[in-house]
file data-v2.pdb (PDB, C-alpha atoms)
ATOM      1  CA  MET K   2    -120.407 -53.355-118.551
ATOM      2  CA  VAL K   3    -116.955 -51.756-118.448
ATOM      3  CA  LYS K   4    -114.163 -53.895-117.005
ATOM      4  CA  LEU K   5    -112.000 -51.489-115.025
ATOM      5  CA  PRO K   6    -108.316 -51.938-114.201
ATOM      6  CA  SER K   7    -107.569 -53.522-110.827
ATOM      7  CA  ARG K   8    -106.830 -51.468-107.716
ATOM      8  CA  ILE K   9    -105.665 -51.829-104.151
ATOM      9  CA  SER K  10    -107.801 -50.886-101.154
ATOM     10  CA  LEU K  11    -106.536 -47.842 -99.242
ATOM     11  CA  ALA K  12    -109.526 -45.526 -98.753
ATOM     12  CA  ASN K  13    -112.432 -45.805 -96.323
ATOM     13  CA  LEU K  14    -115.299 -46.295 -98.759
ATOM     14  CA  PRO K  15    -118.086 -45.583 -99.460
ATOM     15  CA  THR K  16    -118.022 -42.008 -98.169
ATOM     16  CA  ARG K  17    -121.211 -40.473 -96.810
ATOM     17  CA  ILE K  18    -123.540 -38.083 -98.600
ATOM     18  CA  GLU K  19    -125.090 -35.454 -96.314
ATOM     19  CA  LYS K  20    -127.800 -32.921 -97.068
ATOM     20  CA  LEU K  21    -126.784 -29.320 -96.400
ATOM     21  CA  ASP K  22    -130.122 -28.219 -94.997
ATOM     22  CA  ARG K  23    -129.038 -24.853 -93.639
ATOM     23  CA  LEU K  24    -127.108 -23.887 -96.758
ATOM     24  CA  SER K  25    -130.018 -24.918 -98.985
ATOM     25  CA  LYS K  26    -132.439 -22.831 -96.913
ATOM     26  CA  GLU K  27    -130.059 -19.881 -96.800
ATOM     27  CA  LEU K  28    -129.665 -19.759-100.576
ATOM     28  CA  GLY K  29    -133.290 -20.549-101.413
ATOM     29  CA  GLY K  30    -132.421 -22.408-104.593
ATOM     30  CA  PRO K  31    -131.749 -26.081-105.298
ATOM     31  CA  GLN K  32    -131.298 -28.606-102.502
ATOM     32  CA  ILE K  33    -127.564 -29.013-101.885
ATOM     33  CA  TYR K  34    -125.834 -32.193-100.744
ATOM     34  CA  ILE K  35    -122.172 -32.905-100.044
ATOM     35  CA  LYS K  36    -120.181 -36.108-100.546
ATOM     36  CA  ARG K  37    -117.603 -36.409 -97.781
ATOM     37  CA  ASP K  38    -114.537 -37.526 -99.685
ATOM     38  CA  ASP K  39    -112.592 -35.565 -97.101
ATOM     39  CA  GLN K  40    -113.303 -38.643 -94.947
ATOM     40  CA  THR K  41    -111.602 -41.263 -97.140
ATOM     41  CA  GLY K  42    -109.029 -41.560 -94.362
ATOM     42  CA  SER K  43    -106.960 -39.507 -91.950
ATOM     43  CA  GLU K  44    -103.400 -39.463 -93.243
ATOM     44  CA  ILE K  45    -104.610 -40.374 -96.736
ATOM     45  CA  SER K  46    -107.760 -38.261 -96.654
ATOM     46  CA  GLY K  47    -109.254 -36.584 -99.694
ATOM     47  CA  ASN K  48    -109.870 -37.362-103.342
ATOM     48  CA  LYS K  49    -106.280 -38.219-104.229
ATOM     49  CA  ILE K  50    -106.346 -41.599-102.535
ATOM     50  CA  ARG K  51    -109.133 -42.857-104.814
ATOM     51  CA  LYS K  52    -106.848 -42.228-107.796
ATOM     52  CA  LEU K  53    -103.820 -43.651-106.026
ATOM     53  CA  GLU K  54    -105.610 -46.961-105.467
ATOM     54  CA  TYR K  55    -105.372 -47.534-109.220
ATOM     55  CA  VAL K  56    -102.038 -45.818-109.838
ATOM     56  CA  ILE K  57    -100.161 -47.618-107.065
ATOM     57  CA  LYS K  58    -101.688 -50.946-108.098
ATOM     58  CA  GLU K  59    -100.160 -50.420-111.546
ATOM     59  CA  ALA K  60     -96.828 -49.521-109.915
ATOM     60  CA  LEU K  61     -96.887 -52.710-107.825
ATOM     61  CA  GLU K  62     -97.765 -54.803-110.874
ATOM     62  CA  GLN K  63     -94.658 -53.365-112.514
ATOM     63  CA  LYS K  64     -92.614 -54.420-109.429
ATOM     64  CA  CYS K  65     -91.842 -50.807-108.533
ATOM     65  CA  ASP K  66     -90.616 -49.994-105.040
ATOM     66  CA  TYR K  67     -90.327 -46.195-105.110
ATOM     67  CA  LEU K  68     -92.990 -43.593-105.907
ATOM     68  CA  ILE K  69     -92.047 -40.210-107.368
ATOM     69  CA  THR K  70     -94.536 -37.370-107.653
ATOM     70  CA  CYS K  71     -94.842 -33.592-107.545
ATOM     71  CA  GLY K  72     -96.976 -30.764-106.242
ATOM     72  CA  GLY K  73     -96.973 -27.523-104.307
ATOM     73  CA  ILE K  74     -95.477 -27.266-100.840
ATOM     74  CA  GLN K  75     -98.955 -27.962 -99.391
ATOM     75  CA  SER K  76     -99.920 -30.589-101.975
ATOM     76  CA  ASN K  77    -102.642 -32.960-100.750
ATOM     77  CA  HIS K  78    -101.628 -35.403-103.458
ATOM     78  CA  ALA K  79     -97.961 -35.423-102.422
ATOM     79  CA  ARG K  80     -98.941 -36.009 -98.794
ATOM     80  CA  ALA K  81    -101.334 -38.828 -99.722
ATOM     81  CA  THR K  82     -98.628 -40.430-101.881
ATOM     82  CA  ALA K  83     -96.095 -40.225 -99.039
ATOM     83  CA  ALA K  84     -98.606 -41.734 -96.590
ATOM     84  CA  ALA K  85     -99.569 -44.562 -98.941
ATOM     85  CA  ALA K  86     -95.916 -45.315 -99.665
ATOM     86  CA  ALA K  87     -95.137 -45.543 -95.946
ATOM     87  CA  LYS K  88     -98.144 -47.818 -95.397
ATOM     88  CA  LEU K  89     -97.056 -50.149 -98.203
ATOM     89  CA  GLY K  90     -93.336 -50.141 -97.402
ATOM     90  CA  LEU K  91     -92.386 -48.198-100.541
ATOM     91  CA  GLY K  92     -90.037 -45.268-100.921
ATOM     92  CA  ALA K  93     -91.412 -41.818-101.778
ATOM     93  CA  SER K  94     -89.687 -38.898-103.443
ATOM     94  CA  LEU K  95     -91.557 -35.604-103.699
ATOM     95  CA  VAL K  96     -90.669 -32.738-106.037
ATOM     96  CA  LEU K  97     -92.310 -29.719-104.403
ATOM     97  CA  ARG K  98     -92.796 -26.198-105.675
ATOM     98  CA  SER K  99     -91.464 -23.683-103.161
ATOM     99  CA  SER K 100     -90.458 -20.038-103.054
ATOM    100  CA  GLY K 101     -88.214 -20.754-100.049
ATOM    101  CA  ASP K 102     -88.517 -20.425 -96.265
ATOM    102  CA  ASP K 103     -91.730 -22.448 -96.029
ATOM    103  CA  PRO K 104     -92.746 -23.187 -92.427
ATOM    104  CA  LEU K 105     -92.806 -26.826 -91.373
ATOM    105  CA  GLU K 106     -96.566 -27.211 -91.063
ATOM    106  CA  GLY K 107     -99.624 -28.676 -92.754
ATOM    107  CA  ASN K 108     -99.011 -31.195 -95.533
ATOM    108  CA  TYR K 109     -95.282 -30.402 -95.641
ATOM    109  CA  LEU K 110     -94.942 -31.425 -91.986
ATOM    110  CA  LEU K 111     -96.744 -34.702 -92.723
ATOM    111  CA  ASP K 112     -94.524 -35.366 -95.754
ATOM    112  CA  ARG K 113     -91.531 -35.176 -93.455
ATOM    113  CA  LEU K 114     -93.146 -37.373 -90.803
ATOM    114  CA  PHE K 115     -93.849 -40.053 -93.425
ATOM    115  CA  GLY K 116     -90.137 -40.081 -94.275
ATOM    116  CA  ALA K 117     -90.483 -38.852 -97.854
ATOM    117  CA  GLU K 118     -87.422 -37.604 -99.687
ATOM    118  CA  ILE K 119     -88.117 -34.010-100.720
ATOM    119  CA  ARG K 120     -86.610 -31.907-103.482
ATOM    120  CA  PHE K 121     -87.641 -28.264-103.664
ATOM    121  CA  ILE K 122     -87.778 -26.461-107.004
ATOM    122  CA  THR K 123     -88.719 -22.925-107.981
ATOM    123  CA  PRO K 124     -92.184 -22.070-109.307
ATOM    124  CA  GLU K 125     -90.585 -21.434-112.720
ATOM    125  CA  ASP K 126     -88.888 -24.845-112.798
ATOM    126  CA  TYR K 127     -92.088 -26.473-111.588
ATOM    127  CA  ARG K 128     -94.098 -24.918-114.391
ATOM    128  CA  GLU K 129     -91.589 -25.685-117.145
ATOM    129  CA  ARG K 130     -89.477 -28.667-116.021
ATOM    130  CA  ARG K 131     -91.275 -30.734-113.390
ATOM    131  CA  MET K 132     -91.512 -33.874-115.538
ATOM    132  CA  GLU K 133     -87.872 -33.518-116.573
ATOM    133  CA  ILE K 134     -86.849 -33.137-112.935
ATOM    134  CA  MET K 135     -88.864 -36.200-111.888
ATOM    135  CA  GLU K 136     -87.105 -38.152-114.639
ATOM    136  CA  GLU K 137     -83.771 -36.998-113.158
ATOM    137  CA  VAL K 138     -84.898 -38.268-109.752
ATOM    138  CA  LYS K 139     -85.933 -41.552-111.355
ATOM    139  CA  ASP K 140     -82.529 -41.972-113.057
ATOM    140  CA  ARG K 141     -80.736 -41.399-109.754
ATOM    141  CA  LEU K 142     -82.922 -43.905-107.929
ATOM    142  CA  VAL K 143     -82.375 -46.501-110.667
ATOM    143  CA  GLN K 144     -78.628 -46.059-110.210
ATOM    144  CA  GLN K 145     -79.155 -46.721-106.486
ATOM    145  CA  GLY K 146     -80.878 -50.017-107.282
ATOM    146  CA  TYR K 147     -84.534 -48.992-106.981
ATOM    147  CA  THR K 148     -87.379 -49.482-109.452
ATOM    148  CA  PRO K 149     -89.187 -46.134-109.411
ATOM    149  CA  TYR K 150     -92.608 -45.188-110.757
ATOM    150  CA  ILE K 151     -93.506 -41.593-111.662
ATOM    151  CA  ILE K 152     -96.995 -40.364-110.731
ATOM    152  CA  PRO K 153     -98.026 -37.127-112.484
ATOM    153  CA  GLU K 154     -99.380 -34.110-110.648
ATOM    154  CA  GLY K 155    -102.570 -35.028-108.796
ATOM    155  CA  ALA K 156    -102.417 -38.619-110.110
ATOM    156  CA  SER K 157    -104.416 -37.102-112.957
ATOM    157  CA  ASN K 158    -103.737 -39.521-115.764
ATOM    158  CA  GLY K 159    -105.571 -42.307-117.555
ATOM    159  CA  ILE K 160    -105.199 -44.934-114.848
ATOM    160  CA  GLY K 161    -105.898 -42.483-112.000
ATOM    161  CA  THR K 162    -109.154 -41.465-113.675
ATOM    162  CA  PHE K 163    -110.816 -44.687-112.571
ATOM    163  CA  GLY K 164    -110.752 -43.568-108.947
ATOM    164  CA  TYR K 165    -113.626 -41.262-109.759
ATOM    165  CA  TYR K 166    -115.253 -43.651-112.185
ATOM    166  CA  THR K 167    -115.823 -45.916-109.190
ATOM    167  CA  ALA K 168    -116.851 -42.891-107.093
ATOM    168  CA  MET K 169    -119.594 -42.219-109.644
ATOM    169  CA  GLU K 170    -120.736 -45.841-109.375
ATOM    170  CA  GLU K 171    -120.838 -45.316-105.604
ATOM    171  CA  ILE K 172    -122.949 -42.167-106.015
ATOM    172  CA  LEU K 173    -125.456 -43.960-108.248
ATOM    173  CA  GLU K 174    -125.937 -46.641-105.587
ATOM    174  CA  GLN K 175    -126.350 -43.945-102.923
ATOM    175  CA  GLU K 176    -128.963 -42.198-105.078
ATOM    176  CA  ARG K 177    -130.954 -45.442-105.112
ATOM    177  CA  GLN K 178    -130.601 -45.874-101.371
ATOM    178  CA  MET K 179    -131.551 -42.259-100.604
ATOM    179  CA  GLY K 180    -134.322 -41.952-103.180
ATOM    180  CA  VAL K 181    -132.691 -38.814-104.586
ATOM    181  CA  THR K 182    -131.534 -37.999-108.108
ATOM    182  CA  PHE K 183    -128.746 -35.436-108.443
ATOM    183  CA  ASP K 184    -129.336 -33.198-111.464
ATOM    184  CA  ALA K 185    -125.795 -31.853-111.143
ATOM    185  CA  ILE K 186    -122.556 -32.822-109.432
ATOM    186  CA  ALA K 187    -120.192 -29.920-108.732
ATOM    187  CA  LEU K 188    -116.515 -30.104-107.843
ATOM    188  CA  ALA K 189    -113.354 -28.020-107.793
ATOM    189  CA  VAL K 190    -110.983 -28.680-110.709
ATOM    190  CA  GLY K 191    -107.227 -28.329-110.188
ATOM    191  CA  SER K 192    -105.560 -30.974-112.344
ATOM    192  CA  GLY K 193    -108.542 -32.525-114.118
ATOM    193  CA  GLY K 194    -108.428 -36.148-112.973
ATOM    194  CA  THR K 195    -111.404 -36.112-110.622
ATOM    195  CA  TYR K 196    -113.619 -34.425-113.207
ATOM    196  CA  SER K 197    -112.397 -36.814-115.931
ATOM    197  CA  GLY K 198    -113.354 -39.896-113.931
ATOM    198  CA  MET K 199    -116.825 -38.642-113.118
ATOM    199  CA  PHE K 200    -117.428 -37.480-116.681
ATOM    200  CA  LEU K 201    -116.262 -40.821-118.093
ATOM    201  CA  ALA K 202    -118.489 -42.846-115.758
ATOM    202  CA  ASN K 203    -121.460 -40.542-116.344
ATOM    203  CA  LYS K 204    -121.178 -41.161-120.096
ATOM    204  CA  MET K 205    -120.325 -44.855-119.972
ATOM    205  CA  LEU K 206    -123.099 -45.653-117.495
ATOM    206  CA  GLY K 207    -125.695 -43.699-119.470
ATOM    207  CA  HIS K 208    -126.430 -41.310-116.612
ATOM    208  CA  LYS K 209    -127.771 -37.818-117.322
ATOM    209  CA  THR K 210    -126.250 -35.860-114.439
ATOM    210  CA  LYS K 211    -124.457 -32.624-115.336
ATOM    211  CA  ILE K 212    -120.860 -32.690-114.130
ATOM    212  CA  LEU K 213    -119.916 -29.099-113.258
ATOM    213  CA  GLY K 214    -116.273 -28.239-112.680
ATOM    214  CA  ILE K 215    -115.203 -25.001-110.999
ATOM    215  CA  ASN K 216    -111.589 -24.357-111.935
ATOM    216  CA  VAL K 217    -109.222 -23.140-109.201
ATOM    217  CA  CYS K 218    -106.435 -22.281-111.640
ATOM    218  CA  ASP K 219    -105.866 -21.806-115.377
ATOM    219  CA  THR K 220    -108.942 -21.367-117.621
ATOM    220  CA  ALA K 221    -111.994 -23.285-118.774
ATOM    221  CA  ASP K 222    -110.454 -23.800-122.217
ATOM    222  CA  TYR K 223    -107.261 -25.162-120.666
ATOM    223  CA  PHE K 224    -109.222 -27.726-118.667
ATOM    224  CA  ARG K 225    -111.407 -28.805-121.573
ATOM    225  CA  ASP K 226    -108.208 -29.683-123.428
ATOM    226  CA  ARG K 227    -106.562 -31.224-120.355
ATOM    227  CA  ILE K 228    -109.603 -33.335-119.437
ATOM    228  CA  SER K 229    -109.964 -34.491-123.021
ATOM    229  CA  ASP K 230    -106.328 -35.661-122.977
ATOM    230  CA  ILE K 231    -106.890 -37.561-119.713
ATOM    231  CA  LEU K 232    -110.060 -39.169-121.091
ATOM    232  CA  ASN K 233    -108.215 -40.348-124.191
ATOM    233  CA  ASP K 234    -105.483 -41.819-122.000
ATOM    234  CA  SER K 235    -108.046 -43.591-119.803
ATOM    235  CA  LEU K 236    -109.825 -45.229-122.738
ATOM    236  CA  ARG K 237    -106.752 -47.232-123.716
ATOM    237  CA  HIS K 238    -106.960 -49.016-120.342
ATOM    238  CA  ILE K 239    -110.474 -50.301-121.036
ATOM    239  CA  ASP K 240    -110.318 -50.653-124.817
ATOM    240  CA  LYS K 241    -113.441 -48.542-125.297
ATOM    241  CA  LYS K 242    -114.449 -45.565-127.383
ATOM    242  CA  LEU K 243    -116.251 -42.530-126.010
ATOM    243  CA  ASP K 244    -118.452 -40.338-128.153
ATOM    244  CA  TYR K 245    -118.377 -36.854-126.671
ATOM    245  CA  SER K 246    -117.710 -33.223-127.510
ATOM    246  CA  LYS K 247    -115.380 -30.929-125.578
ATOM    247  CA  ASN K 248    -118.394 -28.636-125.221
ATOM    248  CA  GLU K 249    -119.908 -31.260-122.890
ATOM    249  CA  ILE K 250    -117.029 -30.663-120.468
ATOM    250  CA  GLU K 251    -118.694 -27.974-118.363
ATOM    251  CA  ILE K 252    -116.238 -25.734-116.541
ATOM    252  CA  ILE K 253    -117.555 -22.718-114.641
ATOM    253  CA  ASP K 254    -114.799 -20.128-114.968
ATOM    254  CA  GLY K 255    -114.374 -16.927-112.989
ATOM    255  CA  TYR K 256    -113.479 -18.156-109.496
ATOM    256  CA  VAL K 257    -109.691 -18.549-109.708
ATOM    257  CA  GLY K 258    -109.333 -15.336-107.690
ATOM    258  CA  LYS K 259    -105.709 -14.407-107.024
ATOM    259  CA  GLY K 260    -104.504 -17.708-108.463
ATOM    260  CA  TYR K 261    -103.722 -21.265-107.429
ATOM    261  CA  ALA K 262    -103.425 -21.660-103.634
ATOM    262  CA  GLN K 263    -103.860 -17.905-103.139
ATOM    263  CA  SER K 264    -106.891 -16.717-101.233
ATOM    264  CA  THR K 265    -109.093 -13.654-101.501
ATOM    265  CA  ARG K 266    -110.853 -12.075 -98.571
ATOM    266  CA  GLU K 267    -114.185 -13.261 -99.994
ATOM    267  CA  GLU K 268    -113.045 -16.902-100.304
ATOM    268  CA  LEU K 269    -111.782 -16.975 -96.722
ATOM    269  CA  ALA K 270    -115.016 -15.400 -95.503
ATOM    270  CA  LEU K 271    -116.993 -18.121 -97.339
ATOM    271  CA  ILE K 272    -114.950 -20.882 -95.657
ATOM    272  CA  HIS K 273    -115.525 -19.277 -92.247
ATOM    273  CA  TRP K 274    -119.259 -18.727 -92.906
ATOM    274  CA  PHE K 275    -119.749 -22.274 -94.185
ATOM    275  CA  ALA K 276    -117.947 -23.757 -91.157
ATOM    276  CA  LYS K 277    -120.279 -21.885 -88.805
ATOM    277  CA  LEU K 278    -123.343 -22.726 -90.902
ATOM    278  CA  GLU K 279    -122.811 -26.459 -91.501
ATOM    279  CA  GLY K 280    -119.989 -27.536 -89.173
ATOM    280  CA  ILE K 281    -117.886 -28.644 -92.145
ATOM    281  CA  ILE K 282    -114.401 -27.352 -92.927
ATOM    282  CA  LEU K 283    -113.462 -26.526 -96.521
ATOM    283  CA  ASP K 284    -109.901 -25.891 -97.666
ATOM    284  CA  PRO K 285    -108.506 -22.689 -99.233
ATOM    285  CA  VAL K 286    -107.010 -24.274-102.368
ATOM    286  CA  TYR K 287    -109.813 -26.435-103.794
ATOM    287  CA  THR K 288    -113.068 -26.924-101.931
ATOM    288  CA  GLY K 289    -113.296 -23.364-100.592
ATOM    289  CA  LYS K 290    -112.907 -21.857-104.067
ATOM    290  CA  GLY K 291    -115.259 -24.447-105.522
ATOM    291  CA  MET K 292    -117.982 -23.822-102.943
ATOM    292  CA  TYR K 293    -117.482 -20.065-103.297
ATOM    293  CA  GLY K 294    -118.136 -20.483-107.017
ATOM    294  CA  LEU K 295    -121.177 -22.713-106.506
ATOM    295  CA  VAL K 296    -122.757 -20.396-103.912
ATOM    296  CA  ASN K 297    -122.266 -17.371-106.144
ATOM    297  CA  GLU K 298    -123.661 -19.161-109.192
ATOM    298  CA  ILE K 299    -126.784 -20.029-107.174
ATOM    299  CA  LYS K 300    -127.094 -16.429-105.976
ATOM    300  CA  LYS K 301    -126.824 -15.227-109.575
ATOM    301  CA  GLY K 302    -129.724 -17.486-110.544
ATOM    302  CA  ASN K 303    -127.593 -19.681-112.798
ATOM    303  CA  MET K 304    -128.591 -22.958-111.117
ATOM    304  CA  GLN K 305    -132.381 -22.669-111.308
ATOM    305  CA  THR K 306    -132.707 -25.650-113.676
ATOM    306  CA  TYR K 307    -131.393 -28.017-110.984
ATOM    307  CA  ASN K 308    -133.409 -29.472-108.108
ATOM    308  CA  ASN K 309    -130.635 -31.381-106.319
ATOM    309  CA  ILE K 310    -126.918 -30.568-106.518
ATOM    310  CA  LEU K 311    -124.211 -32.789-105.044
ATOM    311  CA  TYR K 312    -120.922 -31.105-104.132
ATOM    312  CA  ILE K 313    -117.827 -33.294-103.875
ATOM    313  CA  HIS K 314    -115.733 -32.429-100.810
ATOM    314  CA  THR K 315    -112.295 -33.486-102.033
ATOM    315  CA  GLY K 316    -110.512 -32.859 -98.726
ATOM    316  CA  GLY K 317    -107.535 -30.609 -98.070
ATOM    317  CA  LEU K 318    -107.919 -29.900 -94.349
ATOM    318  CA  PHE K 319    -104.163 -29.853 -93.690
ATOM    319  CA  GLY K 320    -103.678 -27.028 -96.197
ATOM    320  CA  LEU K 321    -105.839 -24.811 -94.002
ATOM    321  CA  PHE K 322    -103.308 -24.487 -91.195
ATOM    322  CA  PRO K 323    -100.662 -22.479 -93.100
ATOM    323  CA  LYS K 324    -103.417 -19.913 -93.787
ATOM    324  CA  LYS K 325    -104.399 -19.592 -90.135
ATOM    325  CA  ASP K 326    -103.263 -15.996 -89.698
ATOM    326  CA  LEU K 327    -105.246 -14.822 -92.722
ATOM    327  CA  PHE K 328    -108.568 -15.927 -91.302
ATOM    328  CA  PHE K 329    -108.665 -13.807 -88.251
ATOM    329  CA  ASN K 330    -106.871 -10.902 -89.832
ATOM    330  CA  GLU K 331    -109.782 -10.948 -92.248
ATOM    331  CA  GLY K 332    -112.305 -10.928 -89.443
TER     332      GLY K 332
END
call {"tool": "encode", "arguments": {"input": "data-v2.pdb", "output": "structure tokens"}}
result
Amino acid sequence: MVKLPSRISLANLPTRIEKLDRLSKELGGPQIYIKRDDQTGSEISGNKIRKLEYVIKEALEQKCDYLITCGGIQSNHARATAAAAAKLGLGASLVLRSSGDDPLEGNYLLDRLFGAEIRFITPEDYRERRMEIMEEVKDRLVQQGYTPYIIPEGASNGIGTFGYYTAMEEILEQERQMGVTFDAIALAVGSGGTYSGMFLANKMLGHKTKILGINVCDTADYFRDRISDILNDSLRHIDKKLDYSKNEIEIIDGYVGKGYAQSTREELALIHWFAKLEGIILDPVYTGKGMYGLVNEIKKGNMQTYNNILYIHTGGLFGLFPKKDLFFNEG
């Protein structure tokens, strides 16, 4: 039995698992299910809040009163951090990647409503200096008398990993209740923390499910290295060793499209088709790309060894609204 770090309770858990009957019939392959982690809350909806339950608990234990984090202008993680900070009476400072002239909508609008302090930086500075810039923000806040805590992009670090360790425990209990065994669990991968938590739990709990990541940016090799780093960081929190090979980290490459947070015509069409088919909304940054990848892999015959696949809906609804004009220009 692994003794996990402590956490606070912010998310509405457990989230439901639903069978996607029409999608399964349409594709004629494995039976497909979806875990509705888009329903972990309203303001704090999505996968990020599971990680933040552990991260913010650590911040509170360190007597911190200000949260600093980073992301894109439509970052789900930044919005969830701002919402959690407001709920807990903490300050929030967001370092957001922006090319300028971003409309006040979606997650950015919510960041402002939650009262977060926002600093915009260029895509180049975000790529090369975001940690340095967050340290600058931290130094300024310390001078103002605060005790800040820096949360990395996506809360994807060792402590944040346990959000999806506990999600895997939740899934195992739901398997027992439903009388279903998932041969594979598929999810979009953008910073690596969600995958890391599920992979860690799968190994530690002796489960045999395949954890399949569909990367929405970078490459499979990048994420094998990144996830391995996160796993190593997580192990120091539980004083355990994990025997695994990077080759066990299964990343299905080829569905990045135009790049992070950029949508192709085909991805947008998949989101629209899926909404009409199942009455569930995917987002253009993570879950839409991930489902696009999964559907295409099934169509290619690459999923024939699986009977039941569970897809993790990690949220992101608010990021859909800035893309509104693209949908109906695309038909």
call {"tool": "closest_residue", "arguments": {"input": "data-v2.pdb", "among": "K:Leu97, K:Leu201, K:Ala189, K:Ala12", "to": "K:Leu283", "atoms": "all atoms listed in the file"}}
result
K:Ala189
call {"tool": "resolve_selection", "arguments": {"input": "data-v2.pdb", "expression": "the PyMOL selection byres ((chain K and resi 86) around 9)", "output": "NGL selection string"}}
result
:K and (57 or 66-68 or 81-85 or 87-93 or 115 or 117)
call {"tool": "write_last_selection", "arguments": {"input": "data-v2.pdb", "atoms": "C-alpha atoms", "output": "tab-separated table (two decimals), in the frame of the given file"}}
result
chain	number	residue	atom	x	y	z
K	57	ILE	CA	-100.16	-47.62	-107.06
K	66	ASP	CA	-90.62	-49.99	-105.04
K	67	TYR	CA	-90.33	-46.20	-105.11
K	68	LEU	CA	-92.99	-43.59	-105.91
K	81	ALA	CA	-101.33	-38.83	-99.72
K	82	THR	CA	-98.63	-40.43	-101.88
K	83	ALA	CA	-96.10	-40.22	-99.04
K	84	ALA	CA	-98.61	-41.73	-96.59
K	85	ALA	CA	-99.57	-44.56	-98.94
K	87	ALA	CA	-95.14	-45.54	-95.95
K	88	LYS	CA	-98.14	-47.82	-95.40
K	89	LEU	CA	-97.06	-50.15	-98.20
K	90	GLY	CA	-93.34	-50.14	-97.40
K	91	LEU	CA	-92.39	-48.20	-100.54
K	92	GLY	CA	-90.04	-45.27	-100.92
K	93	ALA	CA	-91.41	-41.82	-101.78
K	115	PHE	CA	-93.85	-40.05	-93.42
K	117	ALA	CA	-90.48	-38.85	-97.85
call {"tool": "residues_around", "arguments": {"input": "data-v2.pdb", "residues": "K:Ser264", "least_positions_apart": "3", "cutoff": "9 Å", "atoms": "all atoms listed in the file", "output": "PyMOL selection string"}}
result
chain K and resi 258-261+267-269+285-286+290+324+327
call {"tool": "atom_distance", "arguments": {"input": "data-v2.pdb", "atom1": "atom CA of K:His273", "atom2": "atom CA of K:Tyr312"}}
result
17.6 Å
call {"tool": "closest_residue", "arguments": {"input": "data-v2.pdb", "among": "K:Ile9, K:Tyr55, K:Leu321, K:Met304", "to": "K:Asn77", "atoms": "all atoms listed in the file"}}
result
K:Leu321
call {"tool": "resolve_selection", "arguments": {"input": "data-v2.pdb", "expression": "the PyMOL selection byres ((chain K and resi 323) around 10)", "output": "number ranges by chain"}}
result
K: 75, 103-109, 285, 319-322, 324-327
call {"tool": "resolve_selection", "arguments": {"input": "data-v2.pdb", "expression": "the PyMOL selection byres ((chain K and resi 295) around 9)", "output": "PyMOL selection string"}}
result
chain K and resi 187-188+215+253+290-294+296-300+304+312
call {"tool": "closest_residue", "arguments": {"input": "data-v2.pdb", "among": "K:Gly72, K:Lys139, K:Gly161, K:Ile186", "to": "K:Lys211", "atoms": "only C-alpha atoms"}}
result
K:Ile186
